[in-house]
Amino acid sequence: MSDAPQGTRPDPQNPLDQIDLQTDRPHSARVYDYIMGGKDNYLADRETAATVLADWPGLRTSMLANRACMHRMARYLTSLGIRQFIDVGTGIPSSPNLHEVVQRTAPDARVIYVDNDPIVLAHARALLTSTPEGRTAYIQADMRSPESLLGDPVLDDVLDLSRPVAVTLIAVLQFVEDAQSLMEAIVEPLASGSYLAITIPTGDLAPESRRLANEYTRRGIPMYLRDRAEVERLLTGLEVLDPGVVPMPRWHPAPGDEPLADTATNMYAAAARKP
Ligand SMILES: C[S@@+](CC[C@H](N)C(=O)[O-])C[C@H]1O[C@@H](n2cnc3c(N)ncnc32)[C@H](O)[C@@H]1O
């Protein structure tokens with residue numbers, strides 16, 4: 001297998017050639033992309049994907065369910081009147097992205113995307129296809145420095161932080177050791193009436209999925225699983241919306257959806273409001 005992204009040839013005009021993508025080691029965004037059927041991944045990512053899928057074959061189902069949950073959360077928050085979003089840990093674009101979901105019903109919605117992986121930056125153009133009434137922007141930042149993320153001038157330019165925003169942290173908190181401090185730092189400057197929406201891996205639901213967390217960690221992508229009590233603690237001081245911290249498929253399934261079994265994903269989902 002070649003080490004080039006699947007289906008592409010090296011191209012001097014390609015922005016990927018201008019950025020050090022560290023293709024010799026796996027990156028979480030690219031492993032996810034590969035498992036979801038994308039083409040923006042390299043040999044090290046595909047080898048990691050093969051191993052973690054062998055550890056837990058349910059991973060692809062869980063990832064697809066995660067993306068579907070992100071769509072439901074985006075629609076739900078839009079239905080509550082939210083028009084400003086910060087999506088932290090966006091990943092390689094995969095349509096529909098969050099702004100496409102929310103702008104379908106709220107064309108004036110504004111969305112800031114944030115990721116720290118250079119490959120996401122290289123593909124950010126696909127995230128900047130806003131409606132004329134709305135706006136999207138991309139910030140290359142590490143969420144482990146929330147003050148530099150929230151202090152970024154692009155954020156101030158696009159959003160009005162004196163008004164409610166929704167911060168979505170979808171399948172990303174597993175990459176942070178001290179998620180509690182991160183959540184507190186993110187919530188602190190937000191206006192009252194803002195929302196937080198999370199999906200987060202756990203070892204509670206599909207115990208065999210714990211093996212894949214060990215494998216990610218062994219391959220240089222430290223991954224931290226949280227039990228339900230830890231997830232609830234992350235939302236301390238916020239008003240958790242119904243149905244609470246639940247196995248992801250149970251979070252507001254779409255009408256007519258036959259929710260997956262609790263053991264079919266390794267993730268909890270929850271949304272909460274800042275009083
Ligand atoms: C599993 S993907 C999830 C993508 C998307 N949120 C979704 O659920 O479809 C995790 C993403 O988080 C990003 N990420 C990991 N650690 C990060 C950090 N410290 N700061 C910002 N982004 C991070 C990765 O680069 C990757 O794109």
# chains A, B, ... in the order shown; residues from 1 in each chain; ligands from 1
>>> residues_near_ligand(ligand="ligand 1", cutoff="7 Å", atoms="only C-alpha atoms and all ligand atoms", output="list in words")
His27, Ser28, Ala29, Tyr32, Asn66, Arg67, Met70, Val88, Gly89, Thr90, Gly91, Ile92, Val114, Asp115, Asn116, Asp117, Val120, Ala141, Asp142, Met143, Arg144, Leu169, Ile170, Ala171, Val172, Phe175 and Val176 of chain A
>>> residues_around(residues="Arg211 in chain A", least_positions_apart="6", cutoff="9 Å", atoms="only C-alpha atoms", output="ChimeraX atom specification")
/A:52,55-56
>>> closest_residue(among="A:Ala270, A:Leu212, A:Ile112, A:Leu149", to="Val245 in chain A", atoms="only C-alpha atoms")
A:Ala270
>>> residues_around(residues="Arg104 in chain A", least_positions_apart="5", cutoff="10 Å", atoms="only C-alpha atoms", output="MDAnalysis selection string")
chainID A and resid 75 78 99 109 131
>>> residues_around(residues="Thr129 in chain A", least_positions_apart="4", cutoff="12 Å", atoms="only C-alpha atoms", output="count of residues only")
20
>>> select_by_dssp(residues="range 59-110 of chain A", states="helix (DSSP H, G or I)", output="number ranges by chain")
A: 59-79, 98-105
>>> write_last_selection(atoms="C-alpha atoms", output="PDB file, in the first residue's frame")
ATOM      1  CA  LEU A  59     -16.072   0.763  16.102  1.00  0.00           C
ATOM      2  CA  ARG A  60     -17.333   1.743  12.645  1.00  0.00           C
ATOM      3  CA  THR A  61     -20.980   1.446  13.717  1.00  0.00           C
ATOM      4  CA  SER A  62     -20.165   3.540  16.765  1.00  0.00           C
ATOM      5  CA  MET A  63     -18.432   6.226  14.679  1.00  0.00           C
ATOM      6  CA  LEU A  64     -21.351   6.427  12.238  1.00  0.00           C
ATOM      7  CA  ALA A  65     -23.753   6.691  15.176  1.00  0.00           C
ATOM      8  CA  ASN A  66     -21.567   9.469  16.590  1.00  0.00           C
ATOM      9  CA  ARG A  67     -21.823  11.479  13.386  1.00  0.00           C
ATOM     10  CA  ALA A  68     -25.604  10.956  13.349  1.00  0.00           C
ATOM     11  CA  CYS A  69     -25.776  12.139  16.970  1.00  0.00           C
ATOM     12  CA  MET A  70     -23.812  15.283  16.050  1.00  0.00           C
ATOM     13  CA  HIS A  71     -26.464  16.016  13.401  1.00  0.00           C
ATOM     14  CA  ARG A  72     -29.292  15.517  15.915  1.00  0.00           C
ATOM     15  CA  MET A  73     -27.577  17.715  18.490  1.00  0.00           C
ATOM     16  CA  ALA A  74     -26.988  20.470  15.931  1.00  0.00           C
ATOM     17  CA  ARG A  75     -30.648  20.371  14.861  1.00  0.00           C
ATOM     18  CA  TYR A  76     -31.852  20.327  18.463  1.00  0.00           C
ATOM     19  CA  LEU A  77     -29.718  23.291  19.503  1.00  0.00           C
ATOM     20  CA  THR A  78     -30.899  25.192  16.429  1.00  0.00           C
ATOM     21  CA  SER A  79     -34.499  24.450  17.413  1.00  0.00           C
ATOM     22  CA  LEU A  98     -22.273  21.070  11.305  1.00  0.00           C
ATOM     23  CA  HIS A  99     -22.893  24.372   9.484  1.00  0.00           C
ATOM     24  CA  GLU A 100     -24.717  22.550   6.673  1.00  0.00           C
ATOM     25  CA  VAL A 101     -27.029  20.922   9.222  1.00  0.00           C
ATOM     26  CA  VAL A 102     -27.825  24.108  11.150  1.00  0.00           C
ATOM     27  CA  GLN A 103     -28.013  26.449   8.152  1.00  0.00           C
ATOM     28  CA  ARG A 104     -30.681  24.230   6.563  1.00  0.00           C
ATOM     29  CA  THR A 105     -33.142  25.614   9.125  1.00  0.00           C
TER      30      THR A 105
END
>>> closest_residue(among="A:Glu208, A:Glu232, A:Glu239, A:Asp45", to="Ala264 in chain A", atoms="only C-alpha atoms")
A:Glu208
>>> residues_around(residues="Leu159 in chain A", least_positions_apart="4", cutoff="12 Å", atoms="only C-alpha atoms", output="PyMOL selection string")
chain A and resi 82-86+108-113+134-137+150-155+163-166+190-191
>>> select_by_dssp(residues="range 139-237 of chain A", states="strand (DSSP E)", output="list in words")
Ile139, Gln140, Ala166, Val167, Thr168, Leu169, Ile170, Tyr195, Leu196, Ala197, Ile198, Thr199, Ile200 and Pro201 of chain A
>>> residues_around(residues="Ile200 in chain A", least_positions_apart="4", cutoff="8 Å", atoms="only C-alpha atoms", output="VMD selection string")
chain A and resid 170 to 174 225 to 226 231 267 to 269
>>> residues_around(residues="Pro243 in chain A", least_positions_apart="6", cutoff="9 Å", atoms="only C-alpha atoms", output="PyMOL selection string")
chain A and resi 250-252+270-271
>>> closest_residue(among="A:Asp87, A:Tyr224, A:Ala185, A:Met248", to="Gln140 in chain A", atoms="only C-alpha atoms")
A:Asp87
>>> closest_residue(among="A:Ala49, A:Met223, A:Ala126, A:Ala229", to="Tyr34 in chain A", atoms="only C-alpha atoms")
A:Ala49
>>> closest_residue(among="A:Glu47, A:Asp178, A:Glu230, A:Asp20", to="Ala122 in chain A", atoms="only C-alpha atoms")
A:Asp20
>>> decode(residues="range 170-183 of chain A", atoms="N, CA, C and O atoms", output="PDB file, in the first residue's frame")
ATOM      1  N   ILE A 170     -17.544  16.945  20.065  1.00  0.00           N
ATOM      2  CA  ILE A 170     -18.072  15.669  19.579  1.00  0.00           C
ATOM      3  C   ILE A 170     -16.909  14.708  19.342  1.00  0.00           C
ATOM      4  O   ILE A 170     -16.057  14.957  18.478  1.00  0.00           O
ATOM      5  N   ALA A 171     -16.877  13.657  20.138  1.00  0.00           N
ATOM      6  CA  ALA A 171     -15.824  12.625  20.026  1.00  0.00           C
ATOM      7  C   ALA A 171     -14.435  13.234  20.076  1.00  0.00           C
ATOM      8  O   ALA A 171     -13.573  12.911  19.254  1.00  0.00           O
ATOM      9  N   VAL A 172     -14.215  14.119  21.045  1.00  0.00           N
ATOM     10  CA  VAL A 172     -12.891  14.739  21.135  1.00  0.00           C
ATOM     11  C   VAL A 172     -12.348  14.759  22.569  1.00  0.00           C
ATOM     12  O   VAL A 172     -11.128  14.742  22.767  1.00  0.00           O
ATOM     13  N   LEU A 173     -13.232  14.711  23.572  1.00  0.00           N
ATOM     14  CA  LEU A 173     -12.744  14.836  24.956  1.00  0.00           C
ATOM     15  C   LEU A 173     -11.887  13.646  25.381  1.00  0.00           C
ATOM     16  O   LEU A 173     -11.144  13.727  26.352  1.00  0.00           O
ATOM     17  N   GLN A 174     -11.993  12.534  24.638  1.00  0.00           N
ATOM     18  CA  GLN A 174     -11.170  11.368  24.983  1.00  0.00           C
ATOM     19  C   GLN A 174      -9.674  11.628  24.773  1.00  0.00           C
ATOM     20  O   GLN A 174      -8.837  10.864  25.222  1.00  0.00           O
ATOM     21  N   PHE A 175      -9.358  12.717  24.060  1.00  0.00           N
ATOM     22  CA  PHE A 175      -7.944  13.013  23.794  1.00  0.00           C
ATOM     23  C   PHE A 175      -7.364  13.990  24.818  1.00  0.00           C
ATOM     24  O   PHE A 175      -6.236  14.465  24.651  1.00  0.00           O
ATOM     25  N   VAL A 176      -8.139  14.309  25.856  1.00  0.00           N
ATOM     26  CA  VAL A 176      -7.667  15.253  26.877  1.00  0.00           C
ATOM     27  C   VAL A 176      -7.657  14.553  28.225  1.00  0.00           C
ATOM     28  O   VAL A 176      -8.669  13.970  28.637  1.00  0.00           O
ATOM     29  N   GLU A 177      -6.519  14.648  28.916  1.00  0.00           N
ATOM     30  CA  GLU A 177      -6.431  13.991  30.217  1.00  0.00           C
ATOM     31  C   GLU A 177      -7.280  14.738  31.247  1.00  0.00           C
ATOM     32  O   GLU A 177      -8.093  14.155  31.939  1.00  0.00           O
ATOM     33  N   ASP A 178      -7.102  16.057  31.302  1.00  0.00           N
ATOM     34  CA  ASP A 178      -7.830  16.841  32.309  1.00  0.00           C
ATOM     35  C   ASP A 178      -9.045  17.509  31.656  1.00  0.00           C
ATOM     36  O   ASP A 178      -9.074  18.726  31.446  1.00  0.00           O
ATOM     37  N   ALA A 179     -10.037  16.687  31.349  1.00  0.00           N
ATOM     38  CA  ALA A 179     -11.227  17.215  30.664  1.00  0.00           C
ATOM     39  C   ALA A 179     -12.023  18.142  31.577  1.00  0.00           C
ATOM     40  O   ALA A 179     -12.678  19.075  31.112  1.00  0.00           O
ATOM     41  N   GLN A 180     -11.937  17.896  32.892  1.00  0.00           N
ATOM     42  CA  GLN A 180     -12.701  18.718  33.843  1.00  0.00           C
ATOM     43  C   GLN A 180     -12.259  20.184  33.761  1.00  0.00           C
ATOM     44  O   GLN A 180     -13.086  21.086  33.603  1.00  0.00           O
ATOM     45  N   SER A 181     -10.952  20.413  33.845  1.00  0.00           N
ATOM     46  CA  SER A 181     -10.455  21.809  33.795  1.00  0.00           C
ATOM     47  C   SER A 181     -10.760  22.428  32.444  1.00  0.00           C
ATOM     48  O   SER A 181     -11.091  23.614  32.346  1.00  0.00           O
ATOM     49  N   LEU A 182     -10.658  21.619  31.396  1.00  0.00           N
ATOM     50  CA  LEU A 182     -10.940  22.148  30.052  1.00  0.00           C
ATOM     51  C   LEU A 182     -12.393  22.611  29.963  1.00  0.00           C
ATOM     52  O   LEU A 182     -12.681  23.719  29.477  1.00  0.00           O
ATOM     53  N   MET A 183     -13.313  21.781  30.441  1.00  0.00           N
ATOM     54  CA  MET A 183     -14.733  22.144  30.369  1.00  0.00           C
ATOM     55  C   MET A 183     -14.977  23.427  31.162  1.00  0.00           C
ATOM     56  O   MET A 183     -15.687  24.328  30.708  1.00  0.00           O
TER      57      MET A 183
END
